[in-house]
Structures are given as structure tokens and as C-alpha cells.
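Chemist: work.pdb is reproduced in full below (PDB, C-alpha atoms).
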```
ATOM      1  CA  MET A   1     -17.855  40.140 191.390  1.00  0.00           C
ATOM      2  CA  THR A   2     -15.363  41.626 188.960  1.00  0.00           C
ATOM      3  CA  TRP A   3     -14.805  39.689 185.768  1.00  0.00           C
ATOM      4  CA  TYR A   4     -11.507  40.037 183.930  1.00  0.00           C
ATOM      5  CA  ALA A   5     -10.679  38.812 180.437  1.00  0.00           C
ATOM      6  CA  VAL A   6      -6.967  38.593 179.638  1.00  0.00           C
ATOM      7  CA  ASP A   7      -6.541  37.985 175.947  1.00  0.00           C
ATOM      8  CA  GLY A   8      -3.969  38.176 173.155  1.00  0.00           C
ATOM      9  CA  MET A   9      -2.366  36.035 170.492  1.00  0.00           C
ATOM     10  CA  ASP A  10      -0.416  32.870 171.224  1.00  0.00           C
ATOM     11  CA  GLY A  11       2.873  33.633 172.980  1.00  0.00           C
ATOM     12  CA  SER A  12       1.832  37.134 174.033  1.00  0.00           C
ATOM     13  CA  GLY A  13       2.072  36.523 177.782  1.00  0.00           C
ATOM     14  CA  LYS A  14      -1.605  36.141 178.670  1.00  0.00           C
ATOM     15  CA  THR A  15      -0.973  33.500 181.316  1.00  0.00           C
ATOM     16  CA  THR A  16       1.867  35.483 182.915  1.00  0.00           C
ATOM     17  CA  SER A  17      -0.345  38.581 183.129  1.00  0.00           C
ATOM     18  CA  SER A  18      -3.345  36.618 184.364  1.00  0.00           C
ATOM     19  CA  ASP A  19      -1.337  34.815 187.031  1.00  0.00           C
ATOM     20  CA  PHE A  20      -0.001  38.172 188.229  1.00  0.00           C
ATOM     21  CA  ILE A  21      -3.542  39.591 188.431  1.00  0.00           C
ATOM     22  CA  ARG A  22      -4.705  36.508 190.329  1.00  0.00           C
ATOM     23  CA  GLU A  23      -1.828  36.792 192.825  1.00  0.00           C
ATOM     24  CA  GLN A  24      -2.426  40.534 193.314  1.00  0.00           C
ATOM     25  CA  LEU A  25      -6.117  39.975 193.990  1.00  0.00           C
ATOM     26  CA  ILE A  26      -5.438  37.083 196.366  1.00  0.00           C
ATOM     27  CA  SER A  27      -2.934  39.261 198.257  1.00  0.00           C
ATOM     28  CA  GLU A  28      -5.837  41.675 198.834  1.00  0.00           C
ATOM     29  CA  GLY A  29      -7.827  38.848 200.410  1.00  0.00           C
ATOM     30  CA  ARG A  30     -10.059  38.278 197.415  1.00  0.00           C
ATOM     31  CA  ARG A  31     -11.287  34.865 196.282  1.00  0.00           C
ATOM     32  CA  VAL A  32     -10.328  34.315 192.637  1.00  0.00           C
ATOM     33  CA  LEU A  33     -11.352  31.792 189.991  1.00  0.00           C
ATOM     34  CA  GLU A  34      -9.054  31.649 186.956  1.00  0.00           C
ATOM     35  CA  ILE A  35     -10.100  29.731 183.840  1.00  0.00           C
ATOM     36  CA  THR A  36      -7.814  29.312 180.823  1.00  0.00           C
ATOM     37  CA  HIS A  37      -9.124  28.497 177.345  1.00  0.00           C
ATOM     38  CA  PRO A  38      -8.947  26.002 175.936  1.00  0.00           C
ATOM     39  CA  ASN A  39      -9.607  24.538 179.360  1.00  0.00           C
ATOM     40  CA  THR A  40      -8.016  21.101 179.363  1.00  0.00           C
ATOM     41  CA  ASP A  41     -10.048  20.204 182.467  1.00  0.00           C
ATOM     42  CA  THR A  42     -13.104  19.912 180.209  1.00  0.00           C
ATOM     43  CA  GLU A  43     -13.845  17.571 177.321  1.00  0.00           C
ATOM     44  CA  TYR A  44     -14.577  20.563 175.059  1.00  0.00           C
ATOM     45  CA  GLY A  45     -11.266  22.204 175.935  1.00  0.00           C
ATOM     46  CA  ARG A  46      -9.276  19.013 175.378  1.00  0.00           C
ATOM     47  CA  LYS A  47     -10.887  18.533 171.964  1.00  0.00           C
ATOM     48  CA  ALA A  48     -10.275  22.187 171.009  1.00  0.00           C
ATOM     49  CA  ALA A  49      -6.609  21.830 172.000  1.00  0.00           C
ATOM     50  CA  LYS A  50      -6.324  18.575 170.034  1.00  0.00           C
ATOM     51  CA  TYR A  51      -7.733  20.105 166.842  1.00  0.00           C
ATOM     52  CA  LEU A  52      -5.508  23.200 167.207  1.00  0.00           C
ATOM     53  CA  CYS A  53      -2.508  20.902 166.693  1.00  0.00           C
ATOM     54  CA  LYS A  54      -3.861  19.545 163.401  1.00  0.00           C
ATOM     55  CA  ASP A  55      -3.675  21.123 159.956  1.00  0.00           C
ATOM     56  CA  GLY A  56      -6.449  21.847 157.521  1.00  0.00           C
ATOM     57  CA  LYS A  57      -9.712  23.757 157.348  1.00  0.00           C
ATOM     58  CA  LEU A  58     -11.732  21.010 158.997  1.00  0.00           C
ATOM     59  CA  ALA A  59      -9.374  20.997 161.993  1.00  0.00           C
ATOM     60  CA  VAL A  60      -9.703  24.781 162.333  1.00  0.00           C
ATOM     61  CA  ILE A  61     -13.498  24.544 162.172  1.00  0.00           C
ATOM     62  CA  MET A  62     -13.562  21.757 164.761  1.00  0.00           C
ATOM     63  CA  ALA A  63     -11.154  23.662 167.048  1.00  0.00           C
ATOM     64  CA  GLY A  64     -13.413  26.698 166.794  1.00  0.00           C
ATOM     65  CA  TRP A  65     -16.533  24.659 167.504  1.00  0.00           C
ATOM     66  CA  TYR A  66     -15.051  23.071 170.611  1.00  0.00           C
ATOM     67  CA  TYR A  67     -13.546  26.395 171.719  1.00  0.00           C
ATOM     68  CA  ILE A  68     -17.007  27.991 171.630  1.00  0.00           C
ATOM     69  CA  ARG A  69     -18.447  25.092 173.618  1.00  0.00           C
ATOM     70  CA  ASP A  70     -15.566  25.402 176.107  1.00  0.00           C
ATOM     71  CA  VAL A  71     -16.184  29.135 176.617  1.00  0.00           C
ATOM     72  CA  LEU A  72     -19.936  28.576 177.019  1.00  0.00           C
ATOM     73  CA  HIS A  73     -19.175  25.932 179.637  1.00  0.00           C
ATOM     74  CA  SER A  74     -16.918  28.398 181.467  1.00  0.00           C
ATOM     75  CA  LEU A  75     -19.676  31.017 181.449  1.00  0.00           C
ATOM     76  CA  LYS A  76     -21.964  28.465 183.140  1.00  0.00           C
ATOM     77  CA  VAL A  77     -19.268  27.723 185.731  1.00  0.00           C
ATOM     78  CA  LYS A  78     -18.812  31.449 186.349  1.00  0.00           C
ATOM     79  CA  LYS A  79     -22.541  31.920 186.878  1.00  0.00           C
ATOM     80  CA  LYS A  80     -22.889  28.823 189.063  1.00  0.00           C
ATOM     81  CA  HIS A  81     -20.041  29.874 191.381  1.00  0.00           C
ATOM     82  CA  GLN A  82     -20.581  33.635 191.354  1.00  0.00           C
ATOM     83  CA  ASP A  83     -21.301  33.728 195.117  1.00  0.00           C
ATOM     84  CA  GLU A  84     -18.126  31.802 195.946  1.00  0.00           C
ATOM     85  CA  TYR A  85     -15.662  34.191 194.258  1.00  0.00           C
ATOM     86  CA  ASP A  86     -14.935  37.899 194.361  1.00  0.00           C
ATOM     87  CA  ASP A  87     -13.205  37.856 190.977  1.00  0.00           C
ATOM     88  CA  VAL A  88     -13.150  35.663 187.890  1.00  0.00           C
ATOM     89  CA  ILE A  89     -10.413  35.725 185.266  1.00  0.00           C
ATOM     90  CA  PHE A  90     -10.816  34.233 181.810  1.00  0.00           C
ATOM     91  CA  VAL A  91      -7.556  33.717 179.959  1.00  0.00           C
ATOM     92  CA  ARG A  92      -8.519  34.021 176.287  1.00  0.00           C
ATOM     93  CA  TYR A  93     -12.099  34.926 175.474  1.00  0.00           C
ATOM     94  CA  SER A  94     -13.592  37.035 172.691  1.00  0.00           C
ATOM     95  CA  LEU A  95     -10.390  38.004 170.859  1.00  0.00           C
ATOM     96  CA  ALA A  96     -10.396  34.465 169.490  1.00  0.00           C
ATOM     97  CA  ALA A  97     -12.424  36.131 166.726  1.00  0.00           C
ATOM     98  CA  ALA A  98      -9.060  37.275 165.325  1.00  0.00           C
ATOM     99  CA  TYR A  99      -8.375  33.673 164.344  1.00  0.00           C
ATOM    100  CA  LEU A 100     -11.306  33.831 161.912  1.00  0.00           C
ATOM    101  CA  PRO A 101     -10.651  34.697 158.265  1.00  0.00           C
ATOM    102  CA  SER A 102     -10.092  38.463 157.826  1.00  0.00           C
ATOM    103  CA  PHE A 103     -13.487  39.110 156.250  1.00  0.00           C
ATOM    104  CA  LEU A 104     -15.236  37.517 159.276  1.00  0.00           C
ATOM    105  CA  CYS A 105     -13.059  38.836 162.097  1.00  0.00           C
ATOM    106  CA  LYS A 106     -14.818  42.130 162.915  1.00  0.00           C
ATOM    107  CA  ILE A 107     -18.274  40.704 162.262  1.00  0.00           C
ATOM    108  CA  GLY A 108     -17.506  37.697 164.481  1.00  0.00           C
ATOM    109  CA  TYR A 109     -16.135  39.900 167.250  1.00  0.00           C
ATOM    110  CA  ARG A 110     -19.196  42.208 167.166  1.00  0.00           C
ATOM    111  CA  PHE A 111     -21.453  39.160 167.246  1.00  0.00           C
ATOM    112  CA  ILE A 112     -19.603  37.752 170.280  1.00  0.00           C
ATOM    113  CA  GLU A 113     -19.824  41.103 172.105  1.00  0.00           C
ATOM    114  CA  LEU A 114     -23.542  41.288 171.289  1.00  0.00           C
ATOM    115  CA  VAL A 115     -24.492  37.721 172.243  1.00  0.00           C
ATOM    116  CA  LEU A 116     -22.117  36.787 175.070  1.00  0.00           C
ATOM    117  CA  PRO A 117     -21.634  38.644 178.346  1.00  0.00           C
ATOM    118  CA  VAL A 118     -18.923  41.314 178.232  1.00  0.00           C
ATOM    119  CA  PRO A 119     -16.231  41.225 180.952  1.00  0.00           C
ATOM    120  CA  ASP A 120     -15.918  44.156 183.365  1.00  0.00           C
ATOM    121  CA  VAL A 121     -12.215  44.505 182.581  1.00  0.00           C
ATOM    122  CA  LYS A 122     -10.790  43.568 179.168  1.00  0.00           C
ATOM    123  CA  ILE A 123      -6.990  43.381 178.977  1.00  0.00           C
ATOM    124  CA  TYR A 124      -5.239  42.846 175.671  1.00  0.00           C
ATOM    125  CA  VAL A 125      -1.654  41.590 176.076  1.00  0.00           C
ATOM    126  CA  ASP A 126       0.259  42.666 172.987  1.00  0.00           C
ATOM    127  CA  VAL A 127       3.687  41.597 171.752  1.00  0.00           C
ATOM    128  CA  ASP A 128       5.449  41.576 168.412  1.00  0.00           C
ATOM    129  CA  PRO A 129       5.074  38.308 166.438  1.00  0.00           C
ATOM    130  CA  ASP A 130       8.801  37.453 166.477  1.00  0.00           C
ATOM    131  CA  THR A 131       8.922  37.587 170.282  1.00  0.00           C
ATOM    132  CA  ALA A 132       5.712  35.561 170.470  1.00  0.00           C
ATOM    133  CA  LEU A 133       7.154  32.872 168.205  1.00  0.00           C
ATOM    134  CA  GLU A 134      10.379  32.702 170.244  1.00  0.00           C
ATOM    135  CA  ARG A 135       8.311  32.124 173.396  1.00  0.00           C
ATOM    136  CA  ILE A 136       6.175  29.496 171.701  1.00  0.00           C
ATOM    137  CA  LEU A 137       9.220  27.599 170.430  1.00  0.00           C
ATOM    138  CA  ALA A 138      10.900  27.794 173.861  1.00  0.00           C
ATOM    139  CA  ARG A 139       7.977  25.852 175.372  1.00  0.00           C
ATOM    140  CA  GLY A 140       9.052  22.776 173.404  1.00  0.00           C
ATOM    141  CA  GLU A 141       5.426  21.773 172.758  1.00  0.00           C
ATOM    142  CA  ASP A 142       3.786  20.769 169.497  1.00  0.00           C
ATOM    143  CA  LEU A 143       3.003  23.849 167.431  1.00  0.00           C
ATOM    144  CA  GLU A 144      -0.619  24.777 166.936  1.00  0.00           C
ATOM    145  CA  THR A 145      -1.973  25.579 163.500  1.00  0.00           C
ATOM    146  CA  PHE A 146      -1.849  29.367 164.128  1.00  0.00           C
ATOM    147  CA  GLU A 147       1.695  29.378 165.504  1.00  0.00           C
ATOM    148  CA  THR A 148       3.759  30.388 162.487  1.00  0.00           C
ATOM    149  CA  SER A 149       5.419  33.740 161.896  1.00  0.00           C
ATOM    150  CA  GLU A 150       3.024  34.658 159.072  1.00  0.00           C
ATOM    151  CA  LYS A 151      -0.118  33.610 160.956  1.00  0.00           C
ATOM    152  CA  LEU A 152       0.989  35.411 164.132  1.00  0.00           C
ATOM    153  CA  ARG A 153       1.479  38.622 162.108  1.00  0.00           C
ATOM    154  CA  LYS A 154      -1.984  38.317 160.583  1.00  0.00           C
ATOM    155  CA  THR A 155      -3.580  37.507 163.926  1.00  0.00           C
ATOM    156  CA  ARG A 156      -1.917  40.471 165.630  1.00  0.00           C
ATOM    157  CA  SER A 157      -3.067  42.796 162.863  1.00  0.00           C
ATOM    158  CA  LYS A 158      -6.650  41.563 163.205  1.00  0.00           C
ATOM    159  CA  MET A 159      -6.493  41.890 167.003  1.00  0.00           C
ATOM    160  CA  HIS A 160      -5.364  45.494 166.645  1.00  0.00           C
ATOM    161  CA  GLY A 161      -8.481  46.068 164.549  1.00  0.00           C
ATOM    162  CA  ILE A 162     -10.897  44.878 167.257  1.00  0.00           C
ATOM    163  CA  THR A 163      -9.289  45.899 170.567  1.00  0.00           C
ATOM    164  CA  GLY A 164     -10.370  49.538 170.643  1.00  0.00           C
ATOM    165  CA  SER A 165     -12.252  49.122 173.936  1.00  0.00           C
ATOM    166  CA  TRP A 166      -9.552  46.993 175.574  1.00  0.00           C
ATOM    167  CA  ARG A 167      -6.850  48.105 177.991  1.00  0.00           C
ATOM    168  CA  VAL A 168      -3.498  47.291 176.404  1.00  0.00           C
ATOM    169  CA  VAL A 169      -0.459  45.788 178.114  1.00  0.00           C
ATOM    170  CA  ASP A 170       2.640  46.033 175.925  1.00  0.00           C
ATOM    171  CA  ASN A 171       4.569  42.871 176.759  1.00  0.00           C
ATOM    172  CA  SER A 172       7.531  43.499 174.460  1.00  0.00           C
ATOM    173  CA  GLY A 173       9.719  44.951 177.234  1.00  0.00           C
ATOM    174  CA  THR A 174      10.864  43.558 180.542  1.00  0.00           C
ATOM    175  CA  LEU A 175       8.704  41.470 182.836  1.00  0.00           C
ATOM    176  CA  GLU A 176       8.794  44.287 185.409  1.00  0.00           C
ATOM    177  CA  ASN A 177       7.494  46.737 182.797  1.00  0.00           C
ATOM    178  CA  THR A 178       4.634  44.376 181.953  1.00  0.00           C
ATOM    179  CA  LEU A 179       3.766  43.928 185.628  1.00  0.00           C
ATOM    180  CA  GLU A 180       3.889  47.706 186.132  1.00  0.00           C
ATOM    181  CA  GLN A 181       1.353  48.223 183.343  1.00  0.00           C
ATOM    182  CA  THR A 182      -0.855  45.490 184.791  1.00  0.00           C
ATOM    183  CA  ARG A 183      -0.638  47.039 188.293  1.00  0.00           C
ATOM    184  CA  ALA A 184      -1.749  50.369 186.832  1.00  0.00           C
ATOM    185  CA  ILE A 185      -4.797  48.741 185.255  1.00  0.00           C
ATOM    186  CA  LEU A 186      -5.705  47.007 188.514  1.00  0.00           C
ATOM    187  CA  ALA A 187      -5.403  50.308 190.390  1.00  0.00           C
ATOM    188  CA  GLU A 188      -8.060  51.805 188.093  1.00  0.00           C
ATOM    189  CA  VAL A 189     -10.558  48.971 188.603  1.00  0.00           C
ATOM    190  CA  GLU A 190     -13.382  49.529 191.067  1.00  0.00           C
ATOM    191  CA  ARG A 191     -14.040  46.234 192.801  1.00  0.00           C
ATOM    192  CA  ASP A 192     -17.285  45.125 194.425  1.00  0.00           C
TER     193      ASP A 192
END
```
In C-alpha cells, how does this file's structure come out?

Modeler:
Amino acid sequence: MTWYAVDGMDGSGKTTSSDFIREQLISEGRRVLEITHPNTDTEYGRKAAKYLCKDGKLAVIMAGWYYIRDVLHSLKVKKKHQDEYDDVIFVRYSLAAAYLPSFLCKIGYRFIELVLPVPDVKIYVDVDPDTALERILARGEDLETFETSEKLRKTRSKMHGITGSWRVVDNSGTLENTLEQTRAILAEVERD
């Protein structure tokens, strides 16, 4: 089984990239499980999503707590169904550490990489904060606590500081350019 993590800040295009990977793998006859975080199919994911739309430190702490529980649940699902799938894709995983305060970001990320399993393929979808915010606003949904221009800039900066081992997809150009970069990554991956 090949495990992919597709991560990036809000509005970066994680879901678009992940869906493309899923479709490419399925076209090769592979069985694929895709899990997005927060996963609104779980109680933990629904609570994480709810707290992300609230303001204040307590809401951020609660969102983080439920996000961790949601990811741990997904790891159990991955393990339980490992014989049923050829590939698993997590949309959003360990780069959530970039939403921690700056002084905790790198420490939190190293801790996550040390304690939790590390995906076979880590893809960081990058985009400038202004483009991300435009995409977020175009959705017409309630804004999450981290979805402001200033917070997106800070988050992107922190992500750049922890993504050294990640393959980067620059999603600031055309959709075709993004898909081309993603195809190139998939071509490099040795699958079981």
C-alpha cells in the first residue's frame, strides 16, 4: 500500500490535487481510500470543523484537540482496511502543525513526525495567500478562524519552514500546470 499525504494551507488546492491523484490511481486499476481532515463523517471531525469556525484561544485549542483525535481515528481506519486498498490518501495531515503558535510550530511538527506514522509520499500544495483567500471567499462558506489574509501569510511562512522533506506543487498557475506537477510526482512514486 502506498500512503499519500496532500497538505497545505486553507485554499491552497489540496482537495483538487488529491482528487486528481485519486482519479489517476483509479485509472490504473488501483483501489483508493481518500480521507479528508477534518473528516465530517466522524464525530471528531465534525467537532473540529465546528470549533474552527469560532473565535478565541479556547476554540483553537478545542479544534486542535478534535483534529488530533480525527487524524488518530483515520490512522486506525487506514490500518484496519489496509488489505482492501492499494493506496490511501490523507488530505491534510502533519502540516497542521503550522497552525500552532510560531514558537511551537517546528517542535510540534518534529513531534508529529516522531510519534505518528510518516506517509510514503508527502505533497505540499503551495499558493500565495491572496489567491488562497480569493478561493476561500468564493466558496461562500463561513470563514474559519485561520482564514484571514494575515493568518494565511503567517501559516504559509511556517509551512515553508517545515516542508523541507515534502514534494512541492506550486498551485499559483493554471490548473493544467498544477496537474502536470502532480503527474510528475506520481510518475516518480514506486507503487506496491

Chemist: Residues at most 12 Å from Glu180 in chain A, counting all atoms listed in the file, excluding those fewer than 3 positions away in the same chain, as an MDAnalysis selection string?

Modeler: chainID A and resid 17 20:21 24 169:171 173:177 183:187

Chemist: Taking into account all atoms listed in the file, which residue in the set A:Ala138, A:Leu58, A:Ile123, A:Ile162 is nearest to Asp7 in chain A?

Modeler: A:Ile123

Chemist: If I put a ball of radius 10 Å at (-2.4, 33.6, 182.8) in the file's coordinates, which residues poke into it when counting all atoms listed in the file, written as a tab-separated table (two decimals) with C-alpha atoms, in the coordinates of the input?

Modeler:
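out.tsv was written with the following content:
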```
chain	number	residue	atom	x	y	z
A	6	VAL	CA	-6.97	38.59	179.64
A	7	ASP	CA	-6.54	37.98	175.95
A	13	GLY	CA	2.07	36.52	177.78
A	14	LYS	CA	-1.60	36.14	178.67
A	15	THR	CA	-0.97	33.50	181.32
A	16	THR	CA	1.87	35.48	182.92
A	17	SER	CA	-0.34	38.58	183.13
A	18	SER	CA	-3.34	36.62	184.36
A	19	ASP	CA	-1.34	34.82	187.03
A	20	PHE	CA	0.00	38.17	188.23
A	21	ILE	CA	-3.54	39.59	188.43
A	22	ARG	CA	-4.70	36.51	190.33
A	34	GLU	CA	-9.05	31.65	186.96
A	35	ILE	CA	-10.10	29.73	183.84
A	36	THR	CA	-7.81	29.31	180.82
A	89	ILE	CA	-10.41	35.72	185.27
A	90	PHE	CA	-10.82	34.23	181.81
A	91	VAL	CA	-7.56	33.72	179.96
A	92	ARG	CA	-8.52	34.02	176.29
```

Chemist: Would you kindly translate the PyMOL selection byres ((chain A and resi 96-106) around 7) into the concrete residues it picks from this file, as a VMD selection string?

Modeler: chain A and resid 93 to 95 107 to 110 155 158 to 159 162

Chemist: As an exercise, work out the distance from CA of Thr40 in chain A to CA of Val71 in chain A in Å and give it to one decimal place.

Modeler: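 About the pair CA of Thr40 in chain A and CA of Val71 in chain A: they are 11.8 Å apart.
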
Chemist: Identify which of the residues A:Ala5, A:Val127, A:Leu25, A:Cys53 lies closest to Glu141 in chain A, counting all atoms listed in the file when measuring atom-to-atom distances.

Modeler: A:Cys53

Chemist: What separation in Å, quoted to one decimal, exists between CA of Trp3 in chain A and CA of Thr163 in chain A?

Modeler: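 Separation of CA of Trp3 in chain A and CA of Thr163 in chain A: 17.3 Å.
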
Chemist: Would you mind telling me which residue in A:Met9, A:Ile112, A:Leu52, A:Val32 lies nearest to Glu144 in chain A when using only C-alpha atoms?

Modeler: A:Leu52

Chemist: Would you mind listing what lies within 10 Å of Arg69 in chain A as a list in words, with only C-alpha atoms counted and same-chain residues fewer than 3 positions away left out?

Modeler: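 Selected residues are Pro38, Thr42, Glu43, Tyr44, Gly45, Ala48, Ala63, Gly64, Trp65, Tyr66, Leu72, His73, Ser74 and Leu75 of chain A.
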
Chemist: Tell me which protein, DNA and RNA residues are within 8 Å of Leu133 in chain A, counting all atoms listed in the file, leaving out same-chain ones fewer than 3 positions away, and put them as a VMD selection string.

Modeler: chain A and resid 11 129 to 130 136 to 137 147 to 149 152

Chemist: Using the file's own x, y and z axes, so that the box edges lie along x, y and z, what centre and edge lengths in Å (one decimal) does a box around every listed atom of range 110-122 of chain A get when 5 Å is added on each side? Give it as lines of an AutoDock Vina configuration file.

Modeler:
```
center_x = -17.6
center_y = 40.6
center_z = 175.3
size_x = 23.7
size_y = 17.7
size_z = 26.2
```

Chemist: Please, what distance in Å, to one decimal, runs between CA of Phe146 in chain A and CA of Lys57 in chain A?

Modeler: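 We find that CA of Phe146 in chain A and CA of Lys57 in chain A lie 11.8 Å from each other.
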
Chemist: Using all atoms listed in the file for the distances, tell me which of A:Met1, A:Ile61, A:Ile26, A:Leu179 is nearest to Tyr85 in chain A.

Modeler: A:Met1

Chemist: Complete range 25-53 of chain A with N, CA and C atoms (output as a compact mmCIF listing (two decimals), in the frame of the given file).

Modeler:
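Output file out.txt is given in full below:
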```txt
# COMPACT_ATOMS: atom_id res chain seq x y z
N LEU A 25 -4.78 39.99 193.39
CA LEU A 25 -6.12 39.98 193.99
C LEU A 25 -6.15 39.11 195.25
N ILE A 26 -5.50 37.96 195.19
CA ILE A 26 -5.44 37.08 196.37
C ILE A 26 -4.72 37.78 197.51
N SER A 27 -3.67 38.54 197.20
CA SER A 27 -2.93 39.26 198.26
C SER A 27 -3.80 40.32 198.92
N GLU A 28 -4.88 40.73 198.26
CA GLU A 28 -5.84 41.68 198.83
C GLU A 28 -6.95 40.95 199.60
N GLY A 29 -6.83 39.63 199.68
CA GLY A 29 -7.83 38.85 200.41
C GLY A 29 -9.04 38.47 199.58
N ARG A 30 -8.93 38.59 198.29
CA ARG A 30 -10.06 38.28 197.42
C ARG A 30 -10.00 36.81 196.97
N ARG A 31 -11.17 36.25 196.76
CA ARG A 31 -11.29 34.86 196.28
C ARG A 31 -11.38 34.91 194.75
N VAL A 32 -10.47 34.18 194.09
CA VAL A 32 -10.33 34.32 192.64
C VAL A 32 -10.46 32.96 191.94
N LEU A 33 -11.25 32.95 190.88
CA LEU A 33 -11.35 31.79 189.99
C LEU A 33 -10.71 32.18 188.67
N GLU A 34 -9.74 31.40 188.23
CA GLU A 34 -9.05 31.65 186.96
C GLU A 34 -9.32 30.47 186.03
N ILE A 35 -9.80 30.77 184.83
CA ILE A 35 -10.10 29.73 183.84
C ILE A 35 -9.37 30.07 182.55
N THR A 36 -8.56 29.13 182.06
CA THR A 36 -7.81 29.31 180.82
C THR A 36 -8.49 28.54 179.70
N HIS A 37 -8.54 29.15 178.52
CA HIS A 37 -9.12 28.50 177.34
C HIS A 37 -8.05 28.25 176.30
N PRO A 38 -8.05 27.11 175.64
CA PRO A 38 -8.95 26.00 175.94
C PRO A 38 -8.63 25.40 177.30
N ASN A 39 -9.71 25.07 178.01
CA ASN A 39 -9.61 24.54 179.36
C ASN A 39 -9.46 23.02 179.28
N THR A 40 -8.26 22.54 179.51
CA THR A 40 -8.02 21.10 179.36
C THR A 40 -8.61 20.27 180.50
N ASP A 41 -9.30 20.93 181.44
CA ASP A 41 -10.05 20.20 182.47
C ASP A 41 -11.43 19.79 181.96
N THR A 42 -11.80 20.27 180.78
CA THR A 42 -13.10 19.91 180.21
C THR A 42 -12.91 19.12 178.92
N GLU A 43 -13.89 18.34 178.57
CA GLU A 43 -13.84 17.57 177.32
C GLU A 43 -13.78 18.51 176.11
N TYR A 44 -14.58 19.61 176.17
CA TYR A 44 -14.58 20.56 175.06
C TYR A 44 -13.19 21.19 174.88
N GLY A 45 -12.59 21.58 175.99
CA GLY A 45 -11.27 22.20 175.94
C GLY A 45 -10.20 21.26 175.41
N ARG A 46 -10.25 19.99 175.86
CA ARG A 46 -9.28 19.01 175.38
C ARG A 46 -9.42 18.79 173.88
N LYS A 47 -10.67 18.74 173.40
CA LYS A 47 -10.89 18.53 171.96
C LYS A 47 -10.45 19.77 171.17
N ALA A 48 -10.73 20.96 171.69
CA ALA A 48 -10.28 22.19 171.01
C ALA A 48 -8.76 22.18 170.90
N ALA A 49 -8.08 21.86 171.99
CA ALA A 49 -6.61 21.83 172.00
C ALA A 49 -6.08 20.79 171.02
N LYS A 50 -6.74 19.64 170.95
CA LYS A 50 -6.32 18.58 170.03
C LYS A 50 -6.42 19.04 168.58
N TYR A 51 -7.55 19.66 168.23
CA TYR A 51 -7.73 20.10 166.84
C TYR A 51 -6.82 21.28 166.49
N LEU A 52 -6.43 22.09 167.48
CA LEU A 52 -5.51 23.20 167.21
C LEU A 52 -4.14 22.70 166.75
N CYS A 53 -3.82 21.46 167.08
CA CYS A 53 -2.51 20.90 166.69
C CYS A 53 -2.57 20.14 165.37
```
